[in-house]
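Taking it in order: structure first as structure tokens, then the write-up.
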Amino acid sequence: MSKKNLKFKKMGIIIVIYLAIIVLMIASMWTIYTKAGKPGWAAIVPIYNLVVLLEIVGKPWWWLLLMLIPIVNIVILIMVYHKLSLSFGKGAGFTVGLILLGIIFLPILAFGDAKYVGHSGS
């Protein structure tokens with residue numbers, strides 16, 4: 001096998017893994033939205049998915065504008081992830097997992113036994 005063919009084979013494997021991760025994240029967010037009583041398709045519509053996520057965690061739509069401000073967007077996203085954890089009956093430790101290992105914790109939230117308990121766990 002030539003070096004060029006080996007290079008294309010490795011690239012193909014990387015692309016397949018990347019696409020699998022994308023499908024997993026879309027399926028996870030779709031399921032989370034559905035568990036919260038929102039339409040699952042909203043997870044794949046840009047910007048609208050954030051509006052729906054803010055509705056799920058009980059925050060106003062204008063927080064979306066705060067997500068456009070550098071540095072502030074990081075703080076807002078951490079707050080939204082924390083509210084999402086609370087909305088599904090999880091704690092601060094789960095929030096840390098969502099922030100640092102979202103690729104693992106979002107599917108746990110989606111496909112695990114977590115139930116939507118209302119805005120921020122109310």
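In the structure tokens, chains take the letters A, B, ... in the order shown, each chain's residues start at 1, and ligands count up from 1 in the order shown.
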
* Determine which residues of chain A receive a DSSP assignment of alpha helix (DSSP H), computed from the backbone, and state them as number ranges by chain. => A: 3-35, 48-57, 63-66, 72-87, 92-100, 102-111

* **Phe88 (chain A) surroundings by only C-alpha atoms, 6 Å radius, close-in-sequence under 3 positions cut, as a list in words** => Ser85, Ala114, Lys115, Tyr116 and Val117 of chain A

Write the selection just made, keeping C-alpha atoms, as a PDB file, in the first residue's frame?
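Once written, result_37.pdb looks like this:
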```
ATOM      1  CA  SER A  85     -28.470  20.099  34.916  1.00  0.00           C
ATOM      2  CA  ALA A 114     -33.028  11.698  33.865  1.00  0.00           C
ATOM      3  CA  LYS A 115     -36.481  13.265  33.792  1.00  0.00           C
ATOM      4  CA  TYR A 116     -37.287  16.889  33.108  1.00  0.00           C
ATOM      5  CA  VAL A 117     -38.450  18.390  36.404  1.00  0.00           C
TER       6      VAL A 117
END
```

* To do: Using only C-alpha atoms, determine which residues lie at most 10 Å from Ile44 (chain A), disregarding the query and same-chain residues fewer than 5 positions distant; provide the list as a PyMOL selection string.
  => chain A and resi 26-27+29-30+49

* **Spatial neighbours of region 52-68 of chain A, 12 Å, only C-alpha atoms, chain gap at least 2 places, as a VMD selection string** => chain A and resid 29 to 30 32 to 50 70 to 89 116 to 122
